[in-house]
Every structure is written in C-alpha cells, then in structure tokens.
$ cat my_file.pdb   # PDB, C-alpha atoms
ATOM      1  CA  MET A   1     -17.573 -69.947 -60.410
ATOM      2  CA  ARG A   2     -14.198 -68.391 -61.105
ATOM      3  CA  ALA A   3     -15.828 -65.104 -62.217
ATOM      4  CA  LYS A   4     -17.955 -65.034 -59.084
ATOM      5  CA  HIS A   5     -14.918 -65.705 -56.953
ATOM      6  CA  LYS A   6     -13.030 -62.885 -58.673
ATOM      7  CA  ARG A   7     -15.936 -60.470 -58.085
ATOM      8  CA  ARG A   8     -15.985 -61.338 -54.384
ATOM      9  CA  LYS A   9     -12.263 -60.840 -54.163
ATOM     10  CA  ALA A  10     -12.529 -57.480 -55.970
ATOM     11  CA  ASN A  11     -15.389 -56.388 -53.683
ATOM     12  CA  LYS A  12     -13.325 -57.262 -50.606
ATOM     13  CA  LYS A  13     -10.419 -55.211 -51.887
ATOM     14  CA  ARG A  14     -12.712 -52.317 -52.729
ATOM     15  CA  ASN A  15     -14.362 -52.460 -49.294
ATOM     16  CA  ALA A  16     -10.980 -52.632 -47.595
ATOM     17  CA  ALA A  17      -9.824 -49.607 -49.594
ATOM     18  CA  LEU A  18     -12.979 -47.692 -48.654
ATOM     19  CA  ILE A  19     -12.498 -48.514 -44.974
ATOM     20  CA  ILE A  20      -8.881 -47.359 -45.118
ATOM     21  CA  LEU A  21      -9.917 -44.174 -46.925
ATOM     22  CA  LEU A  22     -12.695 -43.544 -44.383
ATOM     23  CA  CYS A  23     -10.302 -44.061 -41.457
ATOM     24  CA  PHE A  24      -7.816 -41.685 -43.076
ATOM     25  CA  ALA A  25     -10.518 -39.049 -43.640
ATOM     26  CA  LEU A  26     -11.714 -39.344 -40.029
ATOM     27  CA  THR A  27      -8.140 -39.037 -38.768
ATOM     28  CA  VAL A  28      -7.603 -35.898 -40.858
ATOM     29  CA  LEU A  29     -10.908 -34.400 -39.656
ATOM     30  CA  PHE A  30     -10.070 -35.202 -36.035
ATOM     31  CA  ALA A  31      -6.613 -33.638 -36.373
ATOM     32  CA  LEU A  32      -8.057 -30.581 -38.129
ATOM     33  CA  ASN A  33     -10.741 -30.178 -35.474
ATOM     34  CA  HIS A  34      -8.126 -30.430 -32.723
ATOM     35  CA  GLN A  35      -5.926 -27.877 -34.494
ATOM     36  CA  LEU A  36      -8.799 -25.425 -34.920
ATOM     37  CA  LYS A  37      -9.815 -25.798 -31.266
ATOM     38  CA  THR A  38      -6.232 -25.199 -30.146
ATOM     39  CA  LYS A  39      -5.957 -22.162 -32.415
ATOM     40  CA  LEU A  40      -9.273 -20.804 -31.132
ATOM     41  CA  LYS A  41      -8.138 -21.263 -27.542
ATOM     42  CA  ASP A  42      -4.833 -19.455 -28.145
ATOM     43  CA  ILE A  43      -6.483 -16.527 -29.934
ATOM     44  CA  ALA A  44      -9.383 -16.303 -27.459
ATOM     45  CA  VAL A  45      -7.091 -16.294 -24.421
ATOM     46  CA  TYR A  46      -4.770 -13.731 -26.022
ATOM     47  CA  LYS A  47      -7.602 -11.347 -26.954
ATOM     48  CA  CYS A  48      -9.420 -11.774 -23.638
ATOM     49  CA  LYS A  49      -6.238 -11.084 -21.671
ATOM     50  CA  ASN A  50      -5.668  -7.925 -23.725
ATOM     51  CA  SER A  51      -9.249  -6.772 -23.095
ATOM     52  CA  ALA A  52      -8.987  -7.561 -19.379
ATOM     53  CA  THR A  53      -5.705  -5.653 -19.140
ATOM     54  CA  ARG A  54      -7.363  -2.666 -20.817
ATOM     55  CA  ILE A  55     -10.276  -2.863 -18.342
ATOM     56  CA  ILE A  56      -7.854  -2.921 -15.398
ATOM     57  CA  ASN A  57      -5.761  -0.006 -16.672
ATOM     58  CA  GLU A  58      -8.844   2.092 -17.386
ATOM     59  CA  ALA A  59     -10.205   1.299 -13.915
ATOM     60  CA  ILE A  60      -6.945   2.465 -12.344
ATOM     61  CA  GLN A  61      -6.948   5.652 -14.405
ATOM     62  CA  ASN A  62     -10.587   6.370 -13.492
ATOM     63  CA  THR A  63      -9.825   5.822  -9.813
ATOM     64  CA  LEU A  64      -6.740   8.028  -9.847
ATOM     65  CA  SER A  65      -8.747  10.788 -11.547
ATOM     66  CA  THR A  66     -10.846  11.044  -8.378
ATOM     67  CA  TYR A  67      -7.708  11.519  -6.285
ATOM     68  CA  ASP A  68      -5.333  14.454  -6.406
ATOM     69  CA  LEU A  69      -2.307  12.299  -5.680
ATOM     70  CA  SER A  70       1.298  13.314  -5.549
ATOM     71  CA  TYR A  71       4.367  11.318  -4.553
ATOM     72  CA  ASN A  72       4.343  12.919  -1.112
ATOM     73  CA  ASP A  73       0.795  11.662  -0.509
ATOM     74  CA  LEU A  74       2.006   8.078  -0.767
ATOM     75  CA  VAL A  75       5.508   8.212   0.683
ATOM     76  CA  GLU A  76       7.220   9.702   3.708
ATOM     77  CA  ILE A  77      10.932  10.497   3.536
ATOM     78  CA  ASN A  78      12.417  10.870   6.997
ATOM     79  CA  LYS A  79      15.665  12.738   7.594
ATOM     80  CA  ASN A  80      17.845  13.411  10.598
ATOM     81  CA  SER A  81      19.092  16.739  11.886
ATOM     82  CA  GLU A  82      21.910  16.679   9.350
ATOM     83  CA  ASP A  83      19.393  16.393   6.500
ATOM     84  CA  GLN A  84      20.440  12.806   5.781
ATOM     85  CA  ILE A  85      17.785  10.298   4.740
ATOM     86  CA  THR A  86      17.105   7.815   7.521
ATOM     87  CA  SER A  87      14.088   5.976   6.091
ATOM     88  CA  ILE A  88      11.511   5.894   3.325
ATOM     89  CA  SER A  89       8.100   4.458   4.117
ATOM     90  CA  CYS A  90       4.631   4.381   2.596
ATOM     91  CA  VAL A  91       1.608   6.187   3.989
ATOM     92  CA  SER A  92      -0.375   3.056   4.852
ATOM     93  CA  SER A  93      -3.773   4.699   5.201
ATOM     94  CA  LYS A  94      -3.562   6.320   1.771
ATOM     95  CA  ILE A  95      -2.116   3.196   0.131
ATOM     96  CA  ASN A  96      -4.780   0.904   1.578
ATOM     97  CA  SER A  97      -7.576   3.282   0.604
ATOM     98  CA  LEU A  98      -6.211   3.519  -2.925
ATOM     99  CA  LYS A  99      -5.893  -0.264  -3.277
ATOM    100  CA  THR A 100      -9.475  -0.767  -2.075
ATOM    101  CA  ASP A 101     -10.905   1.841  -4.431
ATOM    102  CA  ILE A 102      -8.975   0.440  -7.387
ATOM    103  CA  SER A 103     -10.168  -3.105  -6.659
ATOM    104  CA  ASP A 104     -13.772  -1.897  -6.362
ATOM    105  CA  GLN A 105     -13.538  -0.018  -9.669
ATOM    106  CA  ILE A 106     -12.034  -3.035 -11.445
ATOM    107  CA  ASN A 107     -14.832  -5.274 -10.154
ATOM    108  CA  LYS A 108     -17.407  -2.733 -11.274
ATOM    109  CA  ASP A 109     -15.894  -2.468 -14.765
ATOM    110  CA  TYR A 110     -15.755  -6.247 -15.107
ATOM    111  CA  GLU A 111     -19.526  -6.299 -14.647
ATOM    112  CA  ASN A 112     -19.963  -4.201 -17.788
ATOM    113  CA  GLN A 113     -20.768  -7.049 -20.183
ATOM    114  CA  ASP A 114     -20.250  -4.884 -23.278
ATOM    115  CA  LYS A 115     -16.530  -4.752 -22.478
ATOM    116  CA  ASN A 116     -16.286  -8.493 -21.898
ATOM    117  CA  VAL A 117     -17.195  -9.665 -25.398
ATOM    118  CA  ILE A 118     -14.754 -10.194 -28.252
ATOM    119  CA  SER A 119     -15.201 -11.499 -31.796
ATOM    120  CA  ILE A 120     -12.840 -13.737 -33.759
ATOM    121  CA  ALA A 121     -13.250 -14.174 -37.506
ATOM    122  CA  LEU A 122     -13.487 -17.813 -38.550
ATOM    123  CA  GLY A 123     -10.799 -17.301 -41.176
ATOM    124  CA  THR A 124      -8.358 -16.137 -38.499
ATOM    125  CA  ILE A 125      -8.631 -19.471 -36.712
ATOM    126  CA  SER A 126      -7.554 -21.314 -39.877
ATOM    127  CA  GLY A 127      -4.053 -19.951 -39.390
ATOM    128  CA  ILE A 128      -3.874 -18.992 -43.077
ATOM    129  CA  ASN A 129      -2.855 -15.341 -43.468
ATOM    130  CA  LEU A 130      -4.931 -14.976 -46.612
ATOM    131  CA  PHE A 131      -8.110 -15.762 -44.661
ATOM    132  CA  SER A 132      -7.271 -13.672 -41.587
ATOM    133  CA  GLY A 133     -10.253 -11.511 -40.623
ATOM    134  CA  VAL A 134     -12.472 -13.215 -43.206
ATOM    135  CA  GLY A 135     -15.702 -15.113 -42.551
ATOM    136  CA  PRO A 136     -18.367 -15.108 -39.850
ATOM    137  CA  ASP A 137     -17.396 -14.115 -36.314
ATOM    138  CA  ILE A 138     -17.100 -16.452 -33.356
ATOM    139  CA  THR A 139     -18.204 -14.665 -30.198
ATOM    140  CA  VAL A 140     -16.234 -15.163 -26.996
ATOM    141  CA  HIS A 141     -17.095 -13.590 -23.671
ATOM    142  CA  PHE A 142     -15.077 -13.606 -20.477
ATOM    143  CA  GLU A 143     -15.625 -12.831 -16.830
ATOM    144  CA  LYS A 144     -13.604 -12.441 -13.662
ATOM    145  CA  GLU A 145     -13.066 -15.504 -11.510
ATOM    146  CA  GLY A 146     -12.340 -14.976  -7.838
ATOM    147  CA  SER A 147     -11.071 -11.770  -6.308
ATOM    148  CA  VAL A 148      -8.779  -9.166  -7.789
ATOM    149  CA  LYS A 149      -5.390  -9.046  -6.050
ATOM    150  CA  THR A 150      -3.467  -5.780  -5.727
ATOM    151  CA  ASN A 151       0.038  -5.158  -4.507
ATOM    152  CA  ILE A 152       2.184  -2.048  -4.151
ATOM    153  CA  LYS A 153       5.786  -2.273  -5.332
ATOM    154  CA  SER A 154       8.540   0.196  -5.998
ATOM    155  CA  SER A 155      11.830   0.503  -7.815
ATOM    156  CA  PHE A 156      14.944   2.580  -7.306
ATOM    157  CA  SER A 157      17.382   3.534 -10.048
ATOM    158  CA  SER A 158      20.241   5.996 -10.374
ATOM    159  CA  ALA A 159      19.272   9.405 -11.717
ATOM    160  CA  GLY A 160      22.686  11.049 -11.477
ATOM    161  CA  VAL A 161      25.268  11.872  -8.861
ATOM    162  CA  ASN A 162      23.735  11.375  -5.402
ATOM    163  CA  GLN A 163      20.271  11.215  -6.974
ATOM    164  CA  THR A 164      17.822   8.304  -7.060
ATOM    165  CA  LEU A 165      14.680   7.885  -9.145
ATOM    166  CA  HIS A 166      11.966   6.291  -7.032
ATOM    167  CA  ARG A 167       8.887   4.873  -8.754
ATOM    168  CA  ILE A 168       5.795   3.419  -7.112
ATOM    169  CA  TYR A 169       3.601   0.929  -8.946
ATOM    170  CA  ILE A 170       0.416  -0.936  -8.265
ATOM    171  CA  GLU A 171       0.494  -4.533  -9.444
ATOM    172  CA  VAL A 172      -2.851  -6.183 -10.259
ATOM    173  CA  SER A 173      -3.521  -9.891 -10.736
ATOM    174  CA  SER A 174      -6.868 -11.230 -11.904
ATOM    175  CA  ASP A 175      -8.095 -14.665 -13.010
ATOM    176  CA  ILE A 176     -10.540 -14.741 -15.914
ATOM    177  CA  VAL A 177     -12.650 -17.394 -17.637
ATOM    178  CA  ALA A 178     -13.205 -17.153 -21.399
ATOM    179  CA  VAL A 179     -16.248 -18.965 -22.778
ATOM    180  CA  ALA A 180     -16.569 -19.954 -26.444
ATOM    181  CA  ALA A 181     -18.695 -22.452 -28.312
ATOM    182  CA  ALA A 182     -15.750 -24.847 -28.445
ATOM    183  CA  GLY A 183     -14.987 -24.736 -24.731
ATOM    184  CA  THR A 184     -14.089 -22.795 -21.616
ATOM    185  CA  TYR A 185     -10.595 -21.448 -21.050
ATOM    186  CA  LYS A 186      -8.973 -20.021 -17.921
ATOM    187  CA  ALA A 187      -6.181 -17.461 -17.825
ATOM    188  CA  ASN A 188      -4.411 -15.140 -15.428
ATOM    189  CA  VAL A 189      -3.969 -11.446 -16.168
ATOM    190  CA  GLN A 190      -1.147  -9.493 -14.560
ATOM    191  CA  THR A 191      -0.351  -5.860 -15.122
ATOM    192  CA  GLU A 192       1.308  -3.004 -13.294
ATOM    193  CA  PHE A 193       0.593   0.705 -13.394
ATOM    194  CA  LEU A 194       2.836   3.602 -12.394
ATOM    195  CA  LEU A 195       1.275   5.591  -9.550
ATOM    196  CA  ALA A 196       3.942   8.174  -8.764
ATOM    197  CA  GLU A 197       7.634   8.919  -9.124
ATOM    198  CA  THR A 198      10.190  11.430  -7.939
ATOM    199  CA  VAL A 199      13.918  12.058  -7.868
ATOM    200  CA  ILE A 200      15.334  11.829  -4.339
ATOM    201  CA  VAL A 201      18.452  13.861  -3.608
ATOM    202  CA  GLY A 202      20.738  12.228  -1.095
ATOM    203  CA  GLU A 203      22.054   8.786  -0.316
ATOM    204  CA  ILE A 204      19.448   6.165   0.541
ATOM    205  CA  PRO A 205      20.737   3.708   3.155
ATOM    206  CA  GLU A 206      20.069   0.046   2.350
ATOM    207  CA  GLY A 207      17.508  -1.596   4.589
ATOM    208  CA  TYR A 208      15.692   1.638   5.372
ATOM    209  CA  VAL A 209      13.086   1.376   2.656
ATOM    210  CA  SER A 210       9.614   0.121   3.545
ATOM    211  CA  ILE A 211       7.207   0.187   0.627
ATOM    212  CA  SER A 212       4.658  -2.632   0.645
TER
END

$ encode --input "my_file.pdb" --output "structure tokens"
Amino acid sequence: MRAKHKRRKANKKRNAALIILLCFALTVLFALNHQLKTKLKDIAVYKCKNSATRIINEAIQNTLSTYDLSYNDLVEINKNSEDQITSISCVSSKINSLKTDISDQINKDYENQDKNVISIALGTISGINLFSGVGPDITVHFEKEGSVKTNIKSSFSSAGVNQTLHRIYIEVSSDIVAVAAAGTYKANVQTEFLLAETVIVGEIPEGYVSIS
C-alpha cells in the first residue's frame, strides 16, 4: 500500500511538473510569436513607407518632366515705381494645374502592383544580425487608402546682403495599407519635393507674401 501511495504521489508531482513546463513553453511561444509579429509590422511599415515615398517622388519627377517650369512660372514678384518689392504671390492657375497633375500621376503609379510589393527575409524578422537577409521571403504588398493630399509651401532664407533665397515645395501626404500574412498595417507617408528656387534681390516686406 505504501509503495502504491508513493507511486501516486510521484505521478502527481511529475504531472504537476509537466503542466508547469507546458505552461512555460506556451508562454515563451506566445511571447516569441508576439515579438515576431511586432518585428514584422515595424519592418513592413518601414519598407512600405520607403517604397511609397519613392513612388511619390518619381511621380512628381515624371510630372515635372512634362512641364517646362521655371520659378517665374509659379511666382509673381510685384514691385512699385521705385523698384521696391511690394508683394510676392503664386500663380494660382499654374499651381492648381500642377497639383492636380501630380496627384493624378501618383494615383496612377500606385496602381502599378509591381511597385507595391516588397519582400522580407524570415531571418531579418528574428532580429538577430547573423540571420539578417537569410531564409525564405515573406511577401508584403501595400496600396493607397483614401485620396492623396498635396500642399504648396515655401521658405525664405538669407542669401547675403539684401538677398533672399526663396524655395517652393510641394508637400504630399498619403495613407497606405500594408498587408502581410500576419496582419494588416496602416501608415501615413509624408514627403516634400523642391519645385523651384531663386535668389530675390531686395528687401521683402513682412506680410506681403502669399504662397499657398
């Protein structure tokens, strides 16, 4: 009876140890799975944002190549009879046309599915440098969500005595959705591109600049 009792007691201890070990293993697997998913999300979003930024910049360059733009096509500098600058304003018709064409080109380029696919090596997701770029690839594709937003902005900086460097940029904002086997991730892409610049000779009065 005592031997039987001892065997039961030993079996209970062994079963308890197995349950504890199983719970520990499941906890480790859950934590590892969560870590890998988080790592995949971070890498996927980073790479997709880079690809989307490249698509946007190429779209802007392709659009500008169809124009023969100069600074004077986008901006009007008005002076008085004494050759003093009275105001600086944008040429609205040209700006609006440019913004529309750039948005259309970006939308068109987003539809090119070959540009919207990236690959991430499984070893890269492990976070171990030794395994970076090693193993089978995980395919992630992304697409635009909503409309592309464009905005014209400018900056003024000193370029010497009585000289001001004026730069005009187009700012683009686009929401994207990245889709991977482990989930769907959303991100916002923002970039700006220099459209034109010039050095203005003469004092620019504050409050007389209208670039929007």

$ atom_distance --input "my_file.pdb" --atom1 "atom CA of Glu111 of chain A" --atom2 "atom CA of Lys144 of chain A"
8.6 Å

$ closest_residue --input "my_file.pdb" --among "A:Asn116, A:Asn162, A:Thr150, A:Ser157" --to "Asn50 of chain A" --atoms "only C-alpha atoms"
A:Asn116

$ residues_around --input "my_file.pdb" --residues "Ala159 of chain A" --least-positions-apart "4" --cutoff "12 Å" --atoms "only C-alpha atoms" --output "JSON, numbers by chain"
{"A": [163, 164, 165, 166, 167, 197, 198, 199, 200, 201, 202, 203]}

$ closest_residue --input "my_file.pdb" --among "A:Ser154, A:Asn188, A:Ser89, A:Asn62" --to "Lys108 of chain A" --atoms "all atoms listed in the file"
A:Asn62

$ closest_residue --input "my_file.pdb" --among "A:Thr124, A:Ser65, A:Thr139, A:Thr100" --to "Ile152 of chain A" --atoms "all atoms listed in the file"
A:Thr100

$ resolve_selection --input "my_file.pdb" --expression "the PyMOL selection byres ((chain A and resi 140) around 10)" --output "short mmCIF file (atom, residue, chain, number, x, y, z; two decimals) with C-alpha atoms, keeping the file's coordinate frame"
data_model
loop_
_atom_site.label_atom_id
_atom_site.label_comp_id
_atom_site.auth_asym_id
_atom_site.auth_seq_id
_atom_site.Cartn_x
_atom_site.Cartn_y
_atom_site.Cartn_z
CA LEU A 40 -9.27 -20.80 -31.13
CA ALA A 44 -9.38 -16.30 -27.46
CA VAL A 45 -7.09 -16.29 -24.42
CA LYS A 47 -7.60 -11.35 -26.95
CA CYS A 48 -9.42 -11.77 -23.64
CA ASN A 116 -16.29 -8.49 -21.90
CA VAL A 117 -17.20 -9.66 -25.40
CA ILE A 118 -14.75 -10.19 -28.25
CA SER A 119 -15.20 -11.50 -31.80
CA ILE A 120 -12.84 -13.74 -33.76
CA ASP A 137 -17.40 -14.12 -36.31
CA ILE A 138 -17.10 -16.45 -33.36
CA THR A 139 -18.20 -14.66 -30.20
CA HIS A 141 -17.10 -13.59 -23.67
CA PHE A 142 -15.08 -13.61 -20.48
CA ALA A 178 -13.20 -17.15 -21.40
CA VAL A 179 -16.25 -18.96 -22.78
CA ALA A 180 -16.57 -19.95 -26.44
CA ALA A 181 -18.70 -22.45 -28.31
CA ALA A 182 -15.75 -24.85 -28.44
CA GLY A 183 -14.99 -24.74 -24.73
CA THR A 184 -14.09 -22.80 -21.62
#

$ resolve_selection --input "my_file.pdb" --expression "the PyMOL selection byres ((chain A and resi 91) around 12)" --output "NGL selection string"
:A and (70-77 or 88-90 or 92-98 or 152 or 210-212)

$ closest_residue --input "my_file.pdb" --among "A:Glu171, A:Glu143, A:Glu82, A:Asp42" --to "Ile102 of chain A" --atoms "all atoms listed in the file"
A:Glu171
